[in-house]
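Undergrad: Starting off with a structure, shown below.
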Amino acid sequence: MKAAEFAYEVPKSIQDAFALKQSYGEHAQFLAGGQSLIPAMNMRLNMTECLIDLGRIPALKEIQLQDRQLQIGAMVTHEQIANSALVKEYAPLLIQASRYLAHTAIRNRGTFGGSIALADPAAEWPAACLLLEAQINILTQSGFQRVVAKDFFQGLYTTSLGSNDLLESILIPVQAKEEKSVVIELARRQGDYALAGIMARGSIVSSKLHNLGLVFFGISDRPIRLVNLEAQIMSVFSGQFNEALQKIIQSSLDQIDIRSDLYTTEKAKRHLCAVLVKRVLAQFI
Ligand SMILES: Cc1cc2nc3c(=O)[nH]c(=O)nc-3n(C[C@H](O)[C@H](O)[C@H](O)COP(=O)(O)OP(=O)(O)OC[C@H]3O[C@@H](n4cnc5c(N)ncnc54)[C@H](O)[C@@H]3O)c2cc1C
């Protein structure tokens with residue numbers, strides 16, 4: 001199928017892109033890598049009248065280190081992140097996550113900002129942003145706004161972005177040198193969206209686990225961080241997986257809203273989550 005007719009604008013600056021969106025309003029949409037938007041238009045699930053292509057704005061394609069934070073422009077592609085020396089040095093979890101993300105053709109065009117704006121619950125970047133306590137820089141009608149990841153992701157394909165807002169960049173705090181990060185994902189085939197996945201960070205100091213962070217993705221309507229489970233695990237973890245730990249994990253998982261998808265039941269996902277936590281902890285022994 002082909003998309004319905006639409007107008008096409010190619011602004012050369014962030015200000016021009018934003019101004020165009022304000023004038024077209026709900027009749028226009030920003031085009032990033034087009035990996036989700038274009039198929040939806042081709043299937044006529046999305047009938048936007050105008051695309052505002054962000055692909056010719058150099059300022060949106062940069063990765064920079066500023067004040068102990070990585071600033072990743074909205075139009076930085078998945079492949080650019082996977083090959084970035086700055087990201088490897090300062091946010092290694094993103095490199096680990098990038099290995100699971102889609103296939104080459106999609107990685108070459110799909111963007112960090114597009115993935116964050118779309119907020120697919122099984123996508124890697126929203127989960128990574130939640131775990132790394134990223135902040136999202138947004139240009140709105142009332143000026144510049146910075147939103148923390150936990151407030152940005154609000155549900156299935158739903159974020160705090162207003163309909164005319166432009167997501168400009170994402171700030172990722174630099175990971176501490178002593179911190180270990182782990183990404184494990186279960187998918188039907190390499191590069192497919194996750195059936196269930198987990199991202200974790202933490203450090204071992206004097207045989208104790210510190211600053212543990214755990215985020216699940218692909219299991220609900222958005223990525224989920226389990227702060228209570230993190231605290232409970234840190235209080236009992238002694239380098240071994242035992243029955244007490246198993247009970248803590250199970251009772252914590254019993255309380256979260258896990259949702260089935262096309263391929264995996266809620267019950268199977270719940271089981272996979274327990275397996276994933278166990279595998280993460282094995283990496284901290
Ligand atoms: C077959 C297939 C497999 C995939 N597998 C995975 C996977 O395993 N993991 C994964 O994470 N992703 C996966 N993806 C998704 C893909 O990697 C992209 O992340 C996703 O398509 C969105 O990024 P994009 O740059 O293509 O955005 P687009 O499709 O261009 O845009 C998506 C939406 O975000 C809005 N938008 C984009 N940029 C901005 C901005 N700066 N400000 C405001 N709004 C904006 C657009 O208007 C649109 O509504 C897959 C996609 C396909 C087609």
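Identifiers in this document derive from the order of the structure tokens: chains are assigned A, B, ..., residues are numbered from 1 separately in each chain, and ligands are numbered from 1 in order of occurrence.
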Would you mind listing what lies within 9 Å of segment 27-31 of chain A as a PDB file with C-alpha atoms, in the first residue's frame, with only C-alpha atoms counted and same-chain residues fewer than 5 positions away left out?

TA:
```pdb
ATOM      1  CA  ALA A   7       3.150  17.856   1.904  1.00  0.00           C
ATOM      2  CA  ALA A  17      11.180  23.014  12.316  1.00  0.00           C
ATOM      3  CA  LEU A  20       6.554  24.955  10.891  1.00  0.00           C
ATOM      4  CA  LYS A  21       4.942  22.601  13.397  1.00  0.00           C
ATOM      5  CA  LEU A  37       5.881   6.543  10.943  1.00  0.00           C
ATOM      6  CA  ILE A  38       6.253   5.665   7.231  1.00  0.00           C
ATOM      7  CA  MET A  47      -3.046  10.022   7.537  1.00  0.00           C
ATOM      8  CA  THR A  48      -0.928  13.039   8.358  1.00  0.00           C
ATOM      9  CA  GLU A  49      -1.144  15.880   5.808  1.00  0.00           C
ATOM     10  CA  CYS A  50       2.435  17.104   6.144  1.00  0.00           C
ATOM     11  CA  LEU A  51       5.782  15.650   7.165  1.00  0.00           C
ATOM     12  CA  ILE A  52       8.388  17.945   8.692  1.00  0.00           C
ATOM     13  CA  ASP A  53      11.672  16.132   8.044  1.00  0.00           C
ATOM     14  CA  LEU A  54      14.217  16.666  10.846  1.00  0.00           C
ATOM     15  CA  GLY A  55      16.969  14.937   8.857  1.00  0.00           C
ATOM     16  CA  GLY A 114      12.227   8.826  17.353  1.00  0.00           C
ATOM     17  CA  SER A 163       1.162  17.513  20.220  1.00  0.00           C
ATOM     18  CA  ASN A 164       3.265  20.430  18.883  1.00  0.00           C
ATOM     19  CA  LEU A 166       9.787  18.990  19.496  1.00  0.00           C
TER      20      LEU A 166
END
```

Undergrad: What are the closest atom pairs, with distances in Å to one decimal, for each residue of segment 146-221 of chain A lying within 9 Å of segment 225-239 of chain A, using only C-alpha atoms, rows by chain and rising residue number, as JSON lines?

TA:
```
{"residue": "A:Lys150", "atom": "CA", "partner": "A:Arg225", "partner_atom": "CA", "distance": 8.8}
{"residue": "A:Ser207", "atom": "CA", "partner": "A:Ser238", "partner_atom": "CA", "distance": 7.1}
{"residue": "A:Lys208", "atom": "CA", "partner": "A:Ser238", "partner_atom": "CA", "distance": 6.5}
{"residue": "A:Leu209", "atom": "CA", "partner": "A:Met234", "partner_atom": "CA", "distance": 5.6}
{"residue": "A:His210", "atom": "CA", "partner": "A:Met234", "partner_atom": "CA", "distance": 6.6}
{"residue": "A:Asn211", "atom": "CA", "partner": "A:Met234", "partner_atom": "CA", "distance": 8.1}
{"residue": "A:Leu212", "atom": "CA", "partner": "A:Glu230", "partner_atom": "CA", "distance": 5.8}
{"residue": "A:Gly213", "atom": "CA", "partner": "A:Glu230", "partner_atom": "CA", "distance": 6.1}
{"residue": "A:Leu214", "atom": "CA", "partner": "A:Arg225", "partner_atom": "CA", "distance": 5.8}
{"residue": "A:Val215", "atom": "CA", "partner": "A:Arg225", "partner_atom": "CA", "distance": 4.4}
{"residue": "A:Phe216", "atom": "CA", "partner": "A:Arg225", "partner_atom": "CA", "distance": 6.5}
```

Undergrad: Take the selection from the previous step and output its residues with N, CA and C atoms, as a compact mmCIF listing (two decimals), in the first residue's frame.

TA:
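Resulting contents of part.txt:
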```
# COMPACT_ATOMS: atom_id res chain seq x y z
N LYS A 150 11.32 9.15 34.14
CA LYS A 150 10.22 8.47 34.85
C LYS A 150 8.89 9.22 34.70
N SER A 207 32.11 -6.93 48.89
CA SER A 207 31.18 -8.06 48.67
C SER A 207 29.71 -7.70 48.83
N LYS A 208 29.38 -6.43 48.92
CA LYS A 208 27.95 -6.03 49.02
C LYS A 208 27.53 -5.34 47.73
N LEU A 209 26.27 -5.55 47.37
CA LEU A 209 25.73 -4.95 46.16
C LEU A 209 25.18 -3.56 46.48
N HIS A 210 25.65 -2.54 45.75
CA HIS A 210 25.24 -1.15 46.00
C HIS A 210 24.59 -0.55 44.76
N ASN A 211 23.73 0.43 45.01
CA ASN A 211 23.11 1.22 43.93
C ASN A 211 22.52 0.37 42.82
N LEU A 212 21.88 -0.72 43.23
CA LEU A 212 21.26 -1.58 42.21
C LEU A 212 20.09 -0.86 41.55
N GLY A 213 20.02 -0.93 40.23
CA GLY A 213 18.87 -0.42 39.47
C GLY A 213 18.37 -1.53 38.56
N LEU A 214 17.06 -1.72 38.49
CA LEU A 214 16.49 -2.78 37.65
C LEU A 214 15.32 -2.23 36.85
N VAL A 215 15.36 -2.37 35.54
CA VAL A 215 14.22 -1.94 34.71
C VAL A 215 13.84 -3.08 33.77
N PHE A 216 12.55 -3.40 33.77
CA PHE A 216 12.03 -4.40 32.83
C PHE A 216 11.43 -3.70 31.62
```

Undergrad: Which residues, written as a ChimeraX atom specification, have at least one atom at most 12 Å from Val148 of chain A, with only C-alpha atoms counted and residues fewer than 5 positions away on the same chain left out?

TA: /A:126,129-138,153-154,159-160,170-173

Undergrad: For the selection just defined, write its residues with N, CA and C atoms to a file, as a short mmCIF file (atom, residue, chain, number, x, y, z; two decimals), in the first residue's frame.

TA:
```cif
data_model
loop_
_atom_site.label_atom_id
_atom_site.label_comp_id
_atom_site.auth_asym_id
_atom_site.auth_seq_id
_atom_site.Cartn_x
_atom_site.Cartn_y
_atom_site.Cartn_z
N PRO A 126 13.88 3.56 25.62
CA PRO A 126 13.10 4.07 26.76
C PRO A 126 13.50 3.39 28.08
N CYS A 129 16.82 4.80 29.21
CA CYS A 129 16.66 6.17 29.74
C CYS A 129 16.10 6.13 31.16
N LEU A 130 15.16 5.24 31.40
CA LEU A 130 14.57 5.14 32.74
C LEU A 130 15.63 4.69 33.75
N LEU A 131 16.40 3.66 33.38
CA LEU A 131 17.40 3.13 34.31
C LEU A 131 18.52 4.15 34.56
N LEU A 132 18.96 4.84 33.51
CA LEU A 132 20.09 5.78 33.65
C LEU A 132 19.64 7.16 34.13
N GLU A 133 18.36 7.29 34.44
CA GLU A 133 17.79 8.54 34.95
C GLU A 133 18.07 9.71 34.01
N ALA A 134 17.76 9.45 32.74
CA ALA A 134 17.97 10.46 31.70
C ALA A 134 16.96 11.59 31.84
N GLN A 135 17.29 12.73 31.21
CA GLN A 135 16.35 13.85 31.14
C GLN A 135 16.12 14.15 29.66
N ILE A 136 14.88 14.50 29.34
CA ILE A 136 14.51 14.72 27.94
C ILE A 136 14.34 16.23 27.74
N ASN A 137 15.08 16.78 26.79
CA ASN A 137 14.98 18.22 26.47
C ASN A 137 13.93 18.43 25.39
N ILE A 138 12.96 19.27 25.71
CA ILE A 138 11.80 19.44 24.80
C ILE A 138 11.56 20.92 24.54
N PHE A 153 7.64 8.83 30.25
CA PHE A 153 6.93 7.67 29.69
C PHE A 153 5.65 7.44 30.49
N GLN A 154 4.49 7.61 29.84
CA GLN A 154 3.24 7.63 30.60
C GLN A 154 2.29 6.48 30.27
N THR A 159 3.57 9.62 25.88
CA THR A 159 4.61 10.33 26.62
C THR A 159 4.06 11.69 27.07
N SER A 160 4.91 12.44 27.75
CA SER A 160 4.48 13.78 28.19
C SER A 160 4.61 14.81 27.07
N ILE A 170 18.54 14.26 24.50
CA ILE A 170 18.38 13.48 25.73
C ILE A 170 19.69 13.59 26.51
N LEU A 171 19.59 13.86 27.81
CA LEU A 171 20.78 13.97 28.65
C LEU A 171 20.93 12.70 29.48
N ILE A 172 22.09 12.07 29.36
CA ILE A 172 22.35 10.83 30.10
C ILE A 172 23.50 11.07 31.07
N PRO A 173 23.26 10.95 32.39
CA PRO A 173 24.37 11.12 33.33
C PRO A 173 25.46 10.07 33.08
#
```

Undergrad: For atom CA of Phe152 of chain A and atom CA of Leu139 of chain A, quote the distance in Å rounded to one decimal.

TA: 13.9 Å

Undergrad: So how many Å separate atom CA of Thr77 of chain A and atom CA of Asp221 of chain A, to one decimal?

TA: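 Between atom CA of Thr77 of chain A and atom CA of Asp221 of chain A the gap is 24.2 Å.
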
Undergrad: Could you tell me how far atom CA of Asp254 of chain A lies from atom CA of Tyr100 of chain A, in Å and to one decimal?

TA: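 Those two atoms sit 27.0 Å apart.
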
Undergrad: I'd like to know which of A:Met199, A:Leu272, A:Ala244, A:Ala97 is closest to ligand 1, using only C-alpha atoms and all ligand atoms.

TA: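 Using only C-alpha atoms and all ligand atoms, ligand 1 sits closest to A:Ala97.
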
Undergrad: Kindly indicate which residue among A:Ser84, A:Gln141, A:Gln96, A:Thr111 lies nearest to Gly34 of chain A, using only C-alpha atoms for the distances.

TA: A:Thr111

Undergrad: Find the residues near ligand 1. Use a cut-off of 7 Å, count only C-alpha atoms and all ligand atoms, and write them as a PDB file with C-alpha atoms, in the first residue's frame.

TA:
```pdb
ATOM      1  CA  GLN A  29       4.096  15.363  12.114  1.00  0.00           C
ATOM      2  CA  PHE A  30       7.851  15.366  12.582  1.00  0.00           C
ATOM      3  CA  LEU A  31       9.678  12.761  10.506  1.00  0.00           C
ATOM      4  CA  ALA A  32      12.761  11.266  12.179  1.00  0.00           C
ATOM      5  CA  GLY A  33      14.077   7.933  10.789  1.00  0.00           C
ATOM      6  CA  GLY A  34      10.603   7.096   9.489  1.00  0.00           C
ATOM      7  CA  GLN A  35      10.927   3.448  10.544  1.00  0.00           C
ATOM      8  CA  SER A  36       7.599   3.470  12.383  1.00  0.00           C
ATOM      9  CA  LEU A  37       5.881   6.543  10.943  1.00  0.00           C
ATOM     10  CA  ILE A  38       6.253   5.665   7.231  1.00  0.00           C
ATOM     11  CA  ALA A  74      17.158  13.482  18.788  1.00  0.00           C
ATOM     12  CA  MET A  75      18.329  12.559  15.257  1.00  0.00           C
ATOM     13  CA  TYR A 100      19.681  -6.135  20.673  1.00  0.00           C
ATOM     14  CA  LEU A 101      18.111  -3.291  18.727  1.00  0.00           C
ATOM     15  CA  ALA A 102      16.483  -4.247  15.404  1.00  0.00           C
ATOM     16  CA  HIS A 103      18.267  -5.094  12.142  1.00  0.00           C
ATOM     17  CA  ILE A 106      16.483  -0.080  10.670  1.00  0.00           C
ATOM     18  CA  ARG A 107      19.506   0.743  12.844  1.00  0.00           C
ATOM     19  CA  ARG A 109      17.866   5.115   9.867  1.00  0.00           C
ATOM     20  CA  GLY A 110      15.979   4.755  13.170  1.00  0.00           C
ATOM     21  CA  THR A 111      16.828   7.459  15.703  1.00  0.00           C
ATOM     22  CA  PHE A 112      17.244   7.802  19.452  1.00  0.00           C
ATOM     23  CA  GLY A 113      14.715  10.655  19.581  1.00  0.00           C
ATOM     24  CA  GLY A 114      12.227   8.826  17.353  1.00  0.00           C
ATOM     25  CA  SER A 115      12.325   5.796  19.620  1.00  0.00           C
ATOM     26  CA  ALA A 117       9.028   9.926  21.211  1.00  0.00           C
ATOM     27  CA  LEU A 118       7.308   6.725  20.043  1.00  0.00           C
ATOM     28  CA  ALA A 122       9.369  -3.239  24.177  1.00  0.00           C
ATOM     29  CA  ALA A 123      11.991  -0.808  22.837  1.00  0.00           C
ATOM     30  CA  GLU A 124      15.467  -0.629  24.327  1.00  0.00           C
ATOM     31  CA  TRP A 125      16.071   3.147  24.531  1.00  0.00           C
ATOM     32  CA  ASP A 165       6.395  19.814  20.972  1.00  0.00           C
ATOM     33  CA  LEU A 166       9.787  18.990  19.496  1.00  0.00           C
ATOM     34  CA  LEU A 167      12.012  16.527  21.319  1.00  0.00           C
ATOM     35  CA  GLU A 168      15.447  18.098  20.960  1.00  0.00           C
ATOM     36  CA  GLY A 191      16.867  -8.045  16.388  1.00  0.00           C
ATOM     37  CA  ASP A 192      13.163  -8.583  17.087  1.00  0.00           C
ATOM     38  CA  TYR A 193      11.417  -6.580  19.770  1.00  0.00           C
ATOM     39  CA  ALA A 194      11.792  -8.098  23.253  1.00  0.00           C
TER      40      ALA A 194
END
```

Undergrad: Given only C-alpha atoms as the basis, pick out the residue of A:Ala40, A:Ser203, A:Ile63, A:Ser169 nearest to Lys2 of chain A.

TA: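 Closest residue, counting only C-alpha atoms: A:Ala40.
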